[in-house]
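Peer 1: coords_17.cif is the file, holding mmCIF, C-alpha atoms and all ligand atoms:
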data_target
loop_
_atom_site.label_atom_id
_atom_site.label_comp_id
_atom_site.auth_asym_id
_atom_site.auth_seq_id
_atom_site.Cartn_x
_atom_site.Cartn_y
_atom_site.Cartn_z
CA MET A 1 81.72 83.97 64.16
CA ASP A 2 82.00 87.60 63.03
CA ARG A 3 85.31 87.01 61.35
CA LEU A 4 83.96 84.00 59.50
CA THR A 5 80.86 85.76 58.23
CA GLU A 6 82.93 88.71 57.08
CA HIS A 7 85.23 86.29 55.32
CA TYR A 8 82.26 84.82 53.43
CA ARG A 9 80.93 88.23 52.56
CA LEU A 10 84.24 89.10 50.92
CA LEU A 11 84.46 85.73 49.21
CA LEU A 12 81.05 86.23 47.70
CA GLY A 13 81.92 89.71 46.58
CA LEU A 14 78.96 91.27 48.34
CA ASP A 15 78.71 94.99 48.92
CA ASP A 16 77.50 96.64 52.08
CA SER A 17 73.86 96.10 51.34
CA TRP A 18 74.13 92.40 52.16
CA GLU A 19 75.49 90.69 55.23
CA VAL A 20 76.22 87.08 56.00
CA GLY A 21 74.05 85.70 58.79
CA GLU A 22 74.57 82.19 60.02
CA VAL A 23 76.85 79.74 58.30
CA GLU A 24 75.58 76.22 58.89
CA LEU A 25 77.79 73.27 58.36
CA SER A 26 76.25 69.82 58.03
CA LEU A 27 78.94 67.16 58.19
CA GLU A 28 76.48 64.38 57.47
CA GLY A 29 74.92 66.15 54.51
CA GLN A 30 78.35 67.37 53.35
CA ARG A 31 76.79 70.75 53.00
CA VAL A 32 77.50 74.35 53.90
CA GLU A 33 74.57 76.71 54.01
CA ILE A 34 75.18 80.41 54.08
CA CYS A 35 72.35 82.67 55.06
CA LEU A 36 72.39 86.16 53.50
CA ARG A 37 70.43 89.11 54.84
CA HIS A 38 69.65 92.37 53.19
CA ARG A 39 70.60 95.26 55.43
CA GLY A 40 67.55 97.31 54.66
CA GLY A 41 67.39 100.97 53.78
CA SER A 42 66.88 101.85 50.19
CA VAL A 43 67.08 99.57 47.17
CA VAL A 44 67.46 100.11 43.45
CA CYS A 45 64.52 99.54 41.11
CA PRO A 46 65.63 96.86 38.57
CA GLU A 47 63.70 98.56 35.77
CA CYS A 48 64.38 102.29 36.04
CA GLY A 49 67.32 102.34 38.43
CA ALA A 50 65.63 104.77 40.86
CA SER A 51 66.36 104.54 44.51
CA CYS A 52 63.26 103.30 46.33
CA GLY A 53 62.00 102.05 49.63
CA ILE A 54 61.47 98.37 50.34
CA ALA A 55 57.95 97.06 49.81
CA ASP A 56 58.44 93.63 51.34
CA HIS A 57 60.67 90.55 51.22
CA LEU A 58 60.01 87.45 49.16
CA PRO A 59 59.97 84.09 50.94
CA GLU A 60 63.39 82.54 51.39
CA ARG A 61 65.00 80.88 48.41
CA SER A 62 68.35 79.30 47.70
CA TRP A 63 71.11 79.23 45.11
CA ARG A 64 73.72 76.59 44.56
CA HIS A 65 77.20 78.05 44.82
CA LEU A 66 80.70 76.68 44.18
CA ASP A 67 81.62 73.93 46.59
CA THR A 68 83.60 74.79 49.71
CA MET A 69 86.25 72.07 49.77
CA GLN A 70 84.16 68.96 49.04
CA PHE A 71 81.05 70.47 50.61
CA GLU A 72 78.11 71.44 48.50
CA THR A 73 77.51 75.08 49.24
CA ILE A 74 74.15 76.79 49.24
CA LEU A 75 73.29 80.46 49.64
CA ARG A 76 69.95 81.25 51.23
CA GLY A 77 68.16 84.52 51.58
CA ARG A 78 65.03 86.61 51.25
CA VAL A 79 65.16 89.05 48.40
CA PRO A 80 63.54 92.44 48.98
CA ARG A 81 61.13 94.01 46.53
CA ALA A 82 61.48 97.64 45.63
CA ASN A 83 58.50 99.92 45.92
CA CYS A 84 59.07 102.08 42.87
CA ARG A 85 56.87 105.08 42.23
CA GLU A 86 57.18 104.65 38.49
CA CYS A 87 57.29 100.90 38.03
CA GLY A 88 55.42 99.49 40.99
CA VAL A 89 56.63 96.65 43.18
CA LYS A 90 59.67 94.92 41.62
CA THR A 91 62.03 92.22 42.83
CA ILE A 92 65.53 93.65 43.05
CA ALA A 93 68.53 92.12 41.30
CA VAL A 94 70.93 90.24 43.57
CA PRO A 95 74.65 90.60 42.91
CA TRP A 96 75.45 86.87 42.99
CA ALA A 97 72.92 85.41 40.56
CA GLU A 98 70.95 86.13 37.42
CA LYS A 99 67.23 86.50 37.46
CA HIS A 100 65.39 83.18 37.77
CA SER A 101 68.59 81.19 38.13
CA ARG A 102 68.92 78.60 40.88
CA PHE A 103 72.69 79.01 40.75
CA THR A 104 75.14 81.73 41.53
CA VAL A 105 76.93 83.27 38.57
CA LEU A 106 80.19 81.68 39.69
CA PHE A 107 78.57 78.26 39.79
CA GLU A 108 77.12 78.67 36.30
CA VAL A 109 80.47 79.77 34.93
CA PHE A 110 82.05 76.72 36.50
CA ALA A 111 79.34 74.40 35.18
CA VAL A 112 79.76 75.75 31.64
CA GLN A 113 83.50 75.18 31.89
CA VAL A 114 82.97 71.61 33.08
CA LEU A 115 80.54 70.96 30.21
CA GLN A 116 83.05 72.31 27.73
CA ALA A 117 85.90 70.27 29.14
CA CYS A 118 83.93 67.02 29.37
CA SER A 119 82.20 67.41 26.04
CA ASN A 120 79.92 64.74 27.41
CA VAL A 121 76.81 65.90 29.16
CA GLN A 122 76.33 62.74 31.21
CA ARG A 123 79.81 62.89 32.65
CA ALA A 124 79.56 66.62 33.36
CA ALA A 125 76.27 66.07 35.18
CA ALA A 126 77.89 63.42 37.37
CA LEU A 127 80.87 65.64 38.18
CA LEU A 128 78.63 68.56 39.05
CA ARG A 129 76.19 66.31 40.95
CA LEU A 130 73.29 67.69 38.96
CA ASP A 131 70.43 65.96 37.21
CA TRP A 132 69.86 65.93 33.47
CA ASP A 133 67.21 68.67 33.42
CA THR A 134 69.29 71.03 35.48
CA VAL A 135 72.36 70.59 33.31
CA HIS A 136 70.22 71.07 30.29
CA ARG A 137 68.82 74.31 31.68
CA ILE A 138 72.36 75.58 32.31
CA MET A 139 73.28 74.80 28.69
CA GLU A 140 70.17 76.54 27.45
CA ARG A 141 71.01 79.67 29.39
CA ALA A 142 74.60 79.56 28.12
CA VAL A 143 73.34 79.32 24.54
CA GLU A 144 70.88 82.17 25.11
CA ARG A 145 73.66 84.36 26.47
CA GLY A 146 75.93 83.45 23.56
CA LEU A 147 73.28 84.11 20.92
CA GLU A 148 72.44 87.47 22.46
CA ARG A 149 76.02 88.62 22.04
CA ARG A 150 76.93 86.80 18.84
CA SER A 151 78.55 88.84 16.12
CA LEU A 152 77.27 88.07 12.64
CA GLU A 153 79.39 90.53 10.79
CA GLU A 154 81.67 89.07 8.16
CA VAL A 155 79.59 86.00 7.49
CA LYS A 156 80.78 85.70 3.93
CA TYR A 157 80.33 82.02 3.16
CA VAL A 158 77.41 79.95 4.34
CA GLY A 159 76.62 76.26 4.05
CA MET A 160 73.25 74.54 4.30
CA ASP A 161 73.03 70.88 4.94
CA GLU A 162 70.75 68.22 6.32
CA LYS A 163 71.47 65.69 9.03
CA SER A 164 69.44 62.79 10.20
CA PHE A 165 67.97 63.21 13.64
CA ARG A 166 66.71 60.23 15.63
CA ARG A 167 66.27 56.96 13.84
CA GLY A 168 64.16 56.77 10.75
CA GLN A 169 63.03 59.63 8.65
CA SER A 170 63.59 62.65 10.87
CA TYR A 171 65.94 65.32 9.62
CA ILE A 172 67.29 68.63 10.74
CA SER A 173 68.68 71.47 8.66
CA ILE A 174 71.91 73.13 9.66
CA LEU A 175 73.06 76.57 8.60
CA THR A 176 76.81 77.04 9.02
CA ASP A 177 79.22 79.91 8.76
CA LEU A 178 81.88 78.27 6.59
CA SER A 179 84.56 80.89 7.11
CA GLN A 180 84.43 80.65 10.87
CA SER A 181 83.48 76.96 11.10
CA ARG A 182 80.52 77.44 13.34
CA VAL A 183 76.91 76.36 13.34
CA LEU A 184 74.62 79.39 13.04
CA GLU A 185 71.25 77.72 13.37
CA VAL A 186 69.49 74.38 13.47
CA SER A 187 65.91 73.85 12.35
CA GLU A 188 63.59 70.89 12.28
CA GLY A 189 62.96 69.09 8.99
CA ARG A 190 64.63 69.57 5.63
CA ASP A 191 61.98 71.21 3.50
CA GLU A 192 61.72 74.78 2.34
CA GLN A 193 60.10 75.90 5.53
CA ALA A 194 62.94 74.42 7.57
CA ALA A 195 65.40 76.28 5.37
CA HIS A 196 63.58 79.58 5.91
CA GLU A 197 63.51 78.93 9.62
CA ALA A 198 67.29 78.46 9.70
CA TRP A 199 67.96 81.57 7.65
CA LYS A 200 66.18 83.67 10.26
CA ALA A 201 69.40 83.42 12.28
CA LEU A 202 70.90 85.97 9.92
CA PRO A 203 69.27 89.39 10.06
CA GLN A 204 68.50 90.81 6.63
CA GLN A 205 71.44 93.16 6.66
CA GLN A 206 73.89 90.34 7.32
CA ALA A 207 72.20 87.93 4.90
CA GLN A 208 72.67 90.50 2.17
CA GLN A 209 76.40 90.46 2.71
CA VAL A 210 76.77 86.76 2.13
CA GLU A 211 78.83 86.16 -1.02
CA ALA A 212 78.22 82.50 -1.67
CA VAL A 213 76.32 79.54 -0.26
CA SER A 214 77.22 75.88 -0.53
CA VAL A 215 74.21 73.55 -0.98
CA ASP A 216 73.20 70.33 -2.64
CA MET A 217 71.54 70.43 -6.08
CA TRP A 218 68.25 68.79 -5.26
CA SER A 219 67.47 70.56 -2.09
CA ALA A 220 64.67 72.87 -1.15
CA TYR A 221 67.52 74.94 0.23
CA VAL A 222 68.22 76.62 -3.09
CA SER A 223 65.02 78.63 -3.08
CA ALA A 224 65.61 79.71 0.51
CA VAL A 225 68.98 81.11 -0.55
CA GLU A 226 67.32 82.94 -3.43
CA THR A 227 64.84 84.49 -1.00
CA HIS A 228 67.13 85.44 1.87
CA ALA A 229 70.39 86.16 0.07
CA PRO A 230 69.47 86.83 -3.56
CA GLN A 231 72.86 88.42 -4.23
CA ALA A 232 74.76 85.33 -3.09
CA GLU A 233 76.14 82.87 -5.61
CA ILE A 234 75.13 79.26 -5.20
CA VAL A 235 77.93 76.73 -5.20
CA HIS A 236 76.77 73.15 -5.44
CA ASP A 237 78.68 71.21 -2.87
CA ARG A 238 81.22 68.82 -4.31
CA PHE A 239 80.71 66.26 -1.58
CA HIS A 240 77.05 65.99 -2.38
CA ILE A 241 77.93 65.67 -6.05
CA SER A 242 80.26 62.80 -5.35
CA GLN A 243 77.50 61.19 -3.29
CA HIS A 244 75.16 61.39 -6.27
CA LEU A 245 77.82 59.82 -8.51
CA ASN A 246 78.50 57.10 -5.95
CA GLU A 247 74.83 56.35 -5.65
CA ALA A 248 74.59 55.93 -9.44
CA VAL A 249 77.60 53.59 -9.51
CA ASP A 250 75.96 51.57 -6.77
CA GLN A 251 72.72 51.28 -8.70
CA VAL A 252 74.62 49.97 -11.71
CA ARG A 253 76.43 47.46 -9.48
CA ARG A 254 73.26 46.19 -7.83
CA LYS A 255 71.57 45.58 -11.15
CA GLU A 256 74.60 43.93 -12.70
CA HIS A 257 75.23 41.81 -9.62
CA LYS A 258 71.69 40.48 -9.78
CA ALA A 259 72.04 39.56 -13.43
CA LEU A 260 75.44 37.92 -12.89
CA LYS A 261 74.20 35.93 -9.92
CA GLN A 262 71.45 34.38 -11.97
CA ARG A 263 74.16 32.94 -14.17
CA GLY A 264 76.09 31.73 -11.14
CA ASP A 265 78.70 34.49 -11.44
CA ARG A 266 79.54 35.90 -8.02
CA ARG A 267 82.30 38.31 -8.96
CA LEU A 268 80.51 41.31 -7.52
CA THR A 269 79.59 39.73 -4.18
CA GLY A 270 80.82 41.80 -1.26
CA THR A 271 82.37 44.51 -3.44
CA LYS A 272 79.96 47.38 -2.70
CA GLN A 273 82.37 49.51 -0.71
CA LEU A 274 85.31 49.00 -3.07
CA TRP A 275 83.56 50.96 -5.80
CA LEU A 276 82.73 53.84 -3.51
CA PHE A 277 86.11 54.58 -1.98
CA ASN A 278 88.38 57.22 -3.29
CA PRO A 279 91.15 55.04 -4.75
CA ALA A 280 93.72 57.30 -3.12
CA ASN A 281 92.36 56.13 0.24
CA LEU A 282 92.45 52.40 -0.47
CA ASP A 283 95.03 50.46 1.52
CA GLU A 284 97.24 48.01 -0.29
CA GLN A 285 95.19 44.95 0.50
CA ARG A 286 92.01 46.53 -0.73
CA TRP A 287 93.72 47.78 -3.84
CA MET A 288 94.91 44.22 -4.60
CA GLU A 289 91.31 43.09 -4.37
CA PHE A 290 90.04 45.96 -6.40
CA GLU A 291 92.59 46.26 -9.20
CA PRO A 292 91.61 43.02 -11.09
CA LEU A 293 87.89 43.82 -10.69
CA ARG A 294 88.30 47.27 -12.12
CA ALA A 295 90.09 45.88 -15.17
CA MET A 296 87.25 43.49 -16.03
CA ALA A 297 84.76 44.32 -18.72
CA LEU A 298 81.94 45.01 -16.31
CA LYS A 299 79.25 47.65 -16.47
CA THR A 300 80.12 48.52 -12.91
CA SER A 301 83.76 49.18 -13.77
CA ARG A 302 82.65 51.41 -16.62
CA ALA A 303 80.39 53.36 -14.29
CA TRP A 304 83.22 53.60 -11.79
CA ALA A 305 85.60 54.98 -14.44
CA ILE A 306 83.07 57.69 -15.30
CA LYS A 307 82.74 58.64 -11.68
CA GLU A 308 86.50 58.78 -11.20
CA GLU A 309 87.02 60.86 -14.30
CA PHE A 310 84.67 63.47 -12.93
CA ARG A 311 86.95 63.96 -9.94
CA TRP A 312 89.41 65.88 -12.15
CA PHE A 313 86.81 68.57 -12.69
CA TRP A 314 87.61 70.01 -9.28
CA GLU A 315 91.34 70.19 -9.91
CA TYR A 316 91.21 73.00 -12.46
CA ARG A 317 92.23 76.50 -11.56
CA TYR A 318 89.96 78.28 -13.99
CA ALA A 319 86.30 77.83 -14.71
CA GLY A 320 86.91 77.92 -18.50
CA ASN A 321 89.10 74.83 -18.43
CA ALA A 322 86.79 73.07 -16.00
CA ARG A 323 83.89 73.71 -18.38
CA LYS A 324 85.83 72.19 -21.28
CA HIS A 325 86.64 69.18 -19.17
CA PHE A 326 83.00 68.87 -18.24
CA GLU A 327 81.86 68.91 -21.86
CA ARG A 328 84.26 66.10 -22.76
CA TRP A 329 83.23 64.10 -19.73
CA TYR A 330 79.56 64.70 -20.40
CA GLY A 331 79.86 63.46 -23.99
CA TRP A 332 81.30 60.22 -22.68
CA ALA A 333 78.89 59.82 -19.77
CA VAL A 334 75.66 60.31 -21.72
CA ARG A 335 76.72 57.70 -24.28
CA CYS A 336 77.60 55.01 -21.77
CA ARG A 337 74.15 53.38 -21.86
CA LEU A 338 74.11 53.02 -18.10
CA LYS A 339 70.90 54.70 -17.05
CA PRO A 340 71.85 55.89 -13.56
CA MET A 341 75.08 57.42 -14.88
CA VAL A 342 73.27 59.15 -17.73
CA SER A 343 70.77 60.73 -15.39
CA VAL A 344 73.44 62.02 -12.98
CA ALA A 345 75.34 63.44 -15.94
CA LYS A 346 72.21 65.23 -17.14
CA MET A 347 71.53 66.57 -13.68
CA LEU A 348 75.08 67.93 -13.42
CA LYS A 349 74.72 69.54 -16.82
CA ARG A 350 71.51 71.29 -15.78
CA HIS A 351 73.31 72.71 -12.77
CA LEU A 352 76.65 73.32 -14.44
CA ASP A 353 76.69 77.09 -13.91
CA ARG A 354 76.36 76.54 -10.20
CA LEU A 355 79.11 73.95 -10.25
CA LEU A 356 81.44 76.38 -11.94
CA THR A 357 80.91 79.00 -9.25
CA TYR A 358 83.25 76.79 -7.24
CA PHE A 359 86.16 78.28 -9.13
CA ARG A 360 85.29 81.73 -7.80
CA HIS A 361 84.43 80.64 -4.28
CA ARG A 362 86.20 77.50 -3.22
CA ILE A 363 83.71 76.44 -0.62
CA THR A 364 82.24 73.07 0.25
CA ASN A 365 80.19 71.68 3.09
CA ALA A 366 83.25 69.78 4.31
CA ILE A 367 83.23 71.79 7.52
CA SER A 368 79.70 70.87 8.33
CA GLU A 369 80.65 67.30 7.49
CA GLY A 370 83.29 67.75 10.17
CA PHE A 371 80.56 68.60 12.65
CA ASN A 372 79.04 65.22 11.82
CA SER A 373 81.05 63.21 14.30
CA ARG A 374 80.40 65.84 16.94
CA ILE A 375 76.70 65.84 16.27
CA GLN A 376 76.70 62.06 16.13
CA SER A 377 78.16 61.88 19.61
CA ILE A 378 75.67 64.42 20.91
CA LYS A 379 72.94 62.28 19.43
CA SER A 380 74.17 58.98 20.80
CA ALA A 381 74.69 60.43 24.27
CA ALA A 382 71.18 61.71 24.13
CA ARG A 383 69.06 58.70 24.75
CA GLY A 384 65.57 59.65 25.78
CA PHE A 385 65.83 62.96 24.01
CA ARG A 386 62.44 64.47 24.27
CA ALA A 387 62.51 67.19 21.76
CA PHE A 388 64.24 68.73 18.86
CA GLU A 389 64.86 71.84 21.02
CA ASN A 390 67.25 69.91 23.28
CA PHE A 391 69.20 68.71 20.31
CA ARG A 392 69.44 72.23 18.93
CA THR A 393 70.69 73.55 22.26
CA ARG A 394 73.46 70.99 22.38
CA ILE A 395 74.56 71.55 18.80
CA LEU A 396 74.73 75.29 19.37
CA PHE A 397 76.47 74.81 22.71
CA TYR A 398 79.19 72.60 21.25
CA CYS A 399 79.42 73.70 17.61
CA GLY A 400 78.19 77.30 17.68
CA LYS A 401 81.47 78.86 18.86
CA LEU A 402 79.36 81.03 21.12
CA ASN A 403 80.74 82.98 24.00
CA ARG A 404 78.76 80.98 26.52
CA LEU A 405 79.83 83.21 29.36
CA ALA A 406 79.04 86.49 27.66
CA ARG A 407 77.16 88.97 29.85
CA PHE A 408 78.72 87.44 32.98
CA GLN A 409 82.04 88.81 31.85
CA GLU A 410 80.65 92.27 31.35
CA VAL A 411 79.58 92.58 34.96
ZN ZN B 1 61.35 101.87 38.71
#
So, in terms of structure tokens, how does the structure I just supplied come out?
Peer 2:
Amino acid sequence: MDRLTEHYRLLLGLDDSWEVGEVELSLEGQRVEICLRHRGGSVVCPECGASCGIADHLPERSWRHLDTMQFETILRGRVPRANCRECGVKTIAVPWAEKHSRFTVLFEVFAVQVLQACSNVQRAAALLRLDWDTVHRIMERAVERGLERRSLEEVKYVGMDEKSFRRGQSYISILTDLSQSRVLEVSEGRDEQAAHEAWKALPQQQAQQVEAVSVDMWSAYVSAVETHAPQAEIVHDRFHISQHLNEAVDQVRRKEHKALKQRGDRRLTGTKQLWLFNPANLDEQRWMEFEPLRAMALKTSRAWAIKEEFRWFWEYRYAGNARKHFERWYGWAVRCRLKPMVSVAKMLKRHLDRLLTYFRHRITNAISEGFNSRIQSIKSAARGFRAFENFRTRILFYCGKLNRLARFQEV
């Protein structure tokens, strides 16, 4: 048995202060249990590092370790407490696990790698033979480790956006680092307070180095930017702007459709999506459907033409030319007598200076839009989600580009 226990001691990377006692193999339970014993003598105080005597031993506890072949492997042992003159009685650190963890470091590293590879928490839990709460706790610890060591230098461009959370009217706010395509923070709600909450992720010194922030025009987010990064330029996100334009076109269509229907004219039935697509993305069949509609003398086709004309705004190289284009476009749009279009045009005009900043900082929230599908899958896999906190953990785990194994690697 001596050879075997020594073999385990080496495998576990234990120093002389620990020895392997019995190794119990349960064929029925498909389990290996390894009993570890502290050899006594002096121990190191976990707080001040002084060498001290042993006060006592805690009751036996266990840690899940990497499987041995297909056998679940458990370490068991009683951890001594140091009797420190300075600090009092303190539980010593064990070399194989972090404080309060029920797993060995190697197991946690493995679990994090499985979670990353599966990108599906349910499947990872099944592979690891762990329950939901345990997997969640492992993710939480990985996120904590990553956040502790995260570098926030060179966060030059930031995006703020909202996402729906759960069904109905719940929202979350997401702060992203646009240059490095990573989520910096997630907060609950989408009001000013939520925005402030999210900005706390960036310490003042870093926030003051942000050059520009991409946000929607309406949002409460603007004032949070002005508070936390007053030097940063605000760039109103072009995707939100096209959403506002699309929404206006749709309002015109709904109203016109209603009026036409009363006269028995069903030309606009089932055409909602056609007016919202970027024509460049229409396939041939759709275009064949759309082309004759667009050419008709409809209010909706007029609204659509105004929306499409605005698209050119973004193609300019210089703000001066873009401004000229805007003025021409605006003159047309405000005279079109289509209320929703007029009000979007006026809104864009009010915010024009912060549209033109785009030509200095070509940023959009497209990256955080890219996180959408990711976040959507996290959400759909998360039936029975109990709290916003769990959602935040998963978003940061999968979209935060954190070093989830940091600290382990420093040991
Ligand atoms: Zn001490």
Peer 1: Neighbours of stretch 188-198 of chain A within 8 Å (only C-alpha atoms; same-chain residues fewer than 6 positions away dropped), as a PDB file with C-alpha atoms, in the coordinates of the input?
Peer 2:
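Okay, this is what ended up in result-v1.pdb:
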ATOM      1  CA  GLU A 162      70.750  68.220   6.320  1.00  0.00           C
ATOM      2  CA  SER A 170      63.590  62.650  10.870  1.00  0.00           C
ATOM      3  CA  TYR A 171      65.940  65.320   9.620  1.00  0.00           C
ATOM      4  CA  ILE A 172      67.290  68.630  10.740  1.00  0.00           C
ATOM      5  CA  SER A 173      68.680  71.470   8.660  1.00  0.00           C
ATOM      6  CA  ILE A 174      71.910  73.130   9.660  1.00  0.00           C
ATOM      7  CA  LEU A 175      73.060  76.570   8.600  1.00  0.00           C
ATOM      8  CA  SER A 219      67.470  70.560  -2.090  1.00  0.00           C
ATOM      9  CA  ALA A 220      64.670  72.870  -1.150  1.00  0.00           C
ATOM     10  CA  TYR A 221      67.520  74.940   0.230  1.00  0.00           C
ATOM     11  CA  SER A 223      65.020  78.630  -3.080  1.00  0.00           C
ATOM     12  CA  ALA A 224      65.610  79.710   0.510  1.00  0.00           C
ATOM     13  CA  HIS A 228      67.130  85.440   1.870  1.00  0.00           C
ATOM     14  CA  PHE A 388      64.240  68.730  18.860  1.00  0.00           C
TER      15      PHE A 388
END
Peer 1: If I take atom CA of A:Asn83 and atom CA of A:Glu19, how far is one from the other in Å, to one decimal?
Peer 2: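 So the two atoms, atom CA of A:Asn83 and atom CA of A:Glu19, lie 21.5 Å apart.
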Peer 1: At a cut-off of 10 Å, can you tabulate as JSON lines every residue of chain A near ligand ZN 1 (chain B) together with its closest atom pair and the distance in Å to one decimal, using only C-alpha atoms and all ligand atoms and ordering rows by chain then number?
Peer 2:
{"residue": "A:Val44", "atom": "CA", "partner": "B:ZN1", "partner_atom": "ZN", "distance": 7.9}
{"residue": "A:Cys45", "atom": "CA", "partner": "B:ZN1", "partner_atom": "ZN", "distance": 4.6}
{"residue": "A:Pro46", "atom": "CA", "partner": "B:ZN1", "partner_atom": "ZN", "distance": 6.6}
{"residue": "A:Glu47", "atom": "CA", "partner": "B:ZN1", "partner_atom": "ZN", "distance": 5.0}
{"residue": "A:Cys48", "atom": "CA", "partner": "B:ZN1", "partner_atom": "ZN", "distance": 4.1}
{"residue": "A:Gly49", "atom": "CA", "partner": "B:ZN1", "partner_atom": "ZN", "distance": 6.0}
{"residue": "A:Ala50", "atom": "CA", "partner": "B:ZN1", "partner_atom": "ZN", "distance": 5.6}
{"residue": "A:Ser51", "atom": "CA", "partner": "B:ZN1", "partner_atom": "ZN", "distance": 8.1}
{"residue": "A:Cys52", "atom": "CA", "partner": "B:ZN1", "partner_atom": "ZN", "distance": 8.0}
{"residue": "A:Ala82", "atom": "CA", "partner": "B:ZN1", "partner_atom": "ZN", "distance": 8.1}
{"residue": "A:Asn83", "atom": "CA", "partner": "B:ZN1", "partner_atom": "ZN", "distance": 8.0}
{"residue": "A:Cys84", "atom": "CA", "partner": "B:ZN1", "partner_atom": "ZN", "distance": 4.7}
{"residue": "A:Arg85", "atom": "CA", "partner": "B:ZN1", "partner_atom": "ZN", "distance": 6.5}
{"residue": "A:Glu86", "atom": "CA", "partner": "B:ZN1", "partner_atom": "ZN", "distance": 5.0}
{"residue": "A:Cys87", "atom": "CA", "partner": "B:ZN1", "partner_atom": "ZN", "distance": 4.2}
{"residue": "A:Gly88", "atom": "CA", "partner": "B:ZN1", "partner_atom": "ZN", "distance": 6.8}
{"residue": "A:Val89", "atom": "CA", "partner": "B:ZN1", "partner_atom": "ZN", "distance": 8.3}
{"residue": "A:Lys90", "atom": "CA", "partner": "B:ZN1", "partner_atom": "ZN", "distance": 7.7}
Peer 1: So which residues touch stretch 129-138 of chain A within 9 Å, counting all atoms listed in the file, skipping near sequence neighbours fewer than 3 positions away, as a list in words?
Peer 2: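 The residues that qualify are Ser101, Glu108, Ala111, Val112, Leu115, Val121, Gln122, Ala124, Ala125, Ala126, Arg141, Ala142, Val143, Asn390, Thr393 and Arg394 of chain A.
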Peer 1: A:Asn372, A:Ser377, A:Asn403, A:Thr364: which is nearest A:Asn120, counting only C-alpha atoms?
Peer 2: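 Among A:Asn372, A:Ser377, A:Asn403, A:Thr364, it is A:Ser377 that comes nearest to A:Asn120.
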Peer 1: In Å, how far is it from atom CA of A:Phe359 to atom CA of A:Ile306?
Peer 2: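 Between atom CA of A:Phe359 and atom CA of A:Ile306 the gap is 21.7 Å.
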Peer 1: So which residues are close to (82.6, 85.0, 57.5), meaning at most 12 Å away in the file's coordinates with only C-alpha atoms counted, and can you show them as a PDB file with C-alpha atoms, keeping the file's coordinate frame?
Peer 2:
ATOM      1  CA  MET A   1      81.720  83.970  64.160  1.00  0.00           C
ATOM      2  CA  ASP A   2      82.000  87.600  63.030  1.00  0.00           C
ATOM      3  CA  ARG A   3      85.310  87.010  61.350  1.00  0.00           C
ATOM      4  CA  LEU A   4      83.960  84.000  59.500  1.00  0.00           C
ATOM      5  CA  THR A   5      80.860  85.760  58.230  1.00  0.00           C
ATOM      6  CA  GLU A   6      82.930  88.710  57.080  1.00  0.00           C
ATOM      7  CA  HIS A   7      85.230  86.290  55.320  1.00  0.00           C
ATOM      8  CA  TYR A   8      82.260  84.820  53.430  1.00  0.00           C
ATOM      9  CA  ARG A   9      80.930  88.230  52.560  1.00  0.00           C
ATOM     10  CA  LEU A  10      84.240  89.100  50.920  1.00  0.00           C
ATOM     11  CA  LEU A  11      84.460  85.730  49.210  1.00  0.00           C
ATOM     12  CA  LEU A  12      81.050  86.230  47.700  1.00  0.00           C
ATOM     13  CA  GLY A  13      81.920  89.710  46.580  1.00  0.00           C
ATOM     14  CA  LEU A  14      78.960  91.270  48.340  1.00  0.00           C
ATOM     15  CA  GLU A  19      75.490  90.690  55.230  1.00  0.00           C
ATOM     16  CA  VAL A  20      76.220  87.080  56.000  1.00  0.00           C
ATOM     17  CA  GLY A  21      74.050  85.700  58.790  1.00  0.00           C
ATOM     18  CA  GLU A  22      74.570  82.190  60.020  1.00  0.00           C
ATOM     19  CA  VAL A  23      76.850  79.740  58.300  1.00  0.00           C
ATOM     20  CA  GLU A  24      75.580  76.220  58.890  1.00  0.00           C
ATOM     21  CA  ILE A  34      75.180  80.410  54.080  1.00  0.00           C
ATOM     22  CA  CYS A  35      72.350  82.670  55.060  1.00  0.00           C
ATOM     23  CA  LEU A  36      72.390  86.160  53.500  1.00  0.00           C
TER      24      LEU A  36
END
Peer 1: Identify which of the residues A:Met139, A:Val344, A:Leu268, A:Val79 lies closest to A:Leu298, counting only C-alpha atoms when measuring atom-to-atom distances.
Peer 2: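 The shortest atom-to-atom distance to A:Leu298 comes from A:Leu268.
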Peer 1: Find the spatial neighbours of stretch 307-316 of chain A, counting only C-alpha atoms, within a cut-off of 12 Å - ignore same-chain residues fewer than 6 positions away - and output them as a PyMOL selection string.
Peer 2: chain A and resi 236-239+241-250+252+275-280+294+300-301+322-330+332-333+336+340-342+344-345+348+352+355-360+362-364
Peer 1: Looking at all atoms listed in the file, which of A:Glu33, A:Gly40, A:Ala201, A:His100 is the one that sits closest to A:Thr68?
Peer 2: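 Among A:Glu33, A:Gly40, A:Ala201, A:His100, it is A:Glu33 that comes nearest to A:Thr68.
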Peer 1: So what do you get for atom CA of A:Trp18 versus atom CA of A:Val109, distance-wise?
Peer 2: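 Straight-line distance from atom CA of A:Trp18 to atom CA of A:Val109 works out to 22.3 Å.
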Peer 1: Give the padded box for stretch 53-69 of chain A as AutoDock Vina command-line options: axis-aligned, covering all atoms listed in the file, 5 Å on each side, centre and edge lengths in Å to one decimal.
Peer 2:
--center_x 72.1 --center_y 87.1 --center_z 47.8 --size_x 38.3 --size_y 40.0 --size_z 17.2
Peer 1: List the neighbours of A:Trp218 out to 10 Å using all atoms listed in the file; skip same-chain residues closer than 5 positions along the sequence, and give me the result as a PDB file with C-alpha atoms, in the frame of the given file.
Peer 2:
ATOM      1  CA  HIS A 236      76.770  73.150  -5.440  1.00  0.00           C
ATOM      2  CA  HIS A 240      77.050  65.990  -2.380  1.00  0.00           C
ATOM      3  CA  MET A 347      71.530  66.570 -13.680  1.00  0.00           C
ATOM      4  CA  HIS A 351      73.310  72.710 -12.770  1.00  0.00           C
TER       5      HIS A 351
END
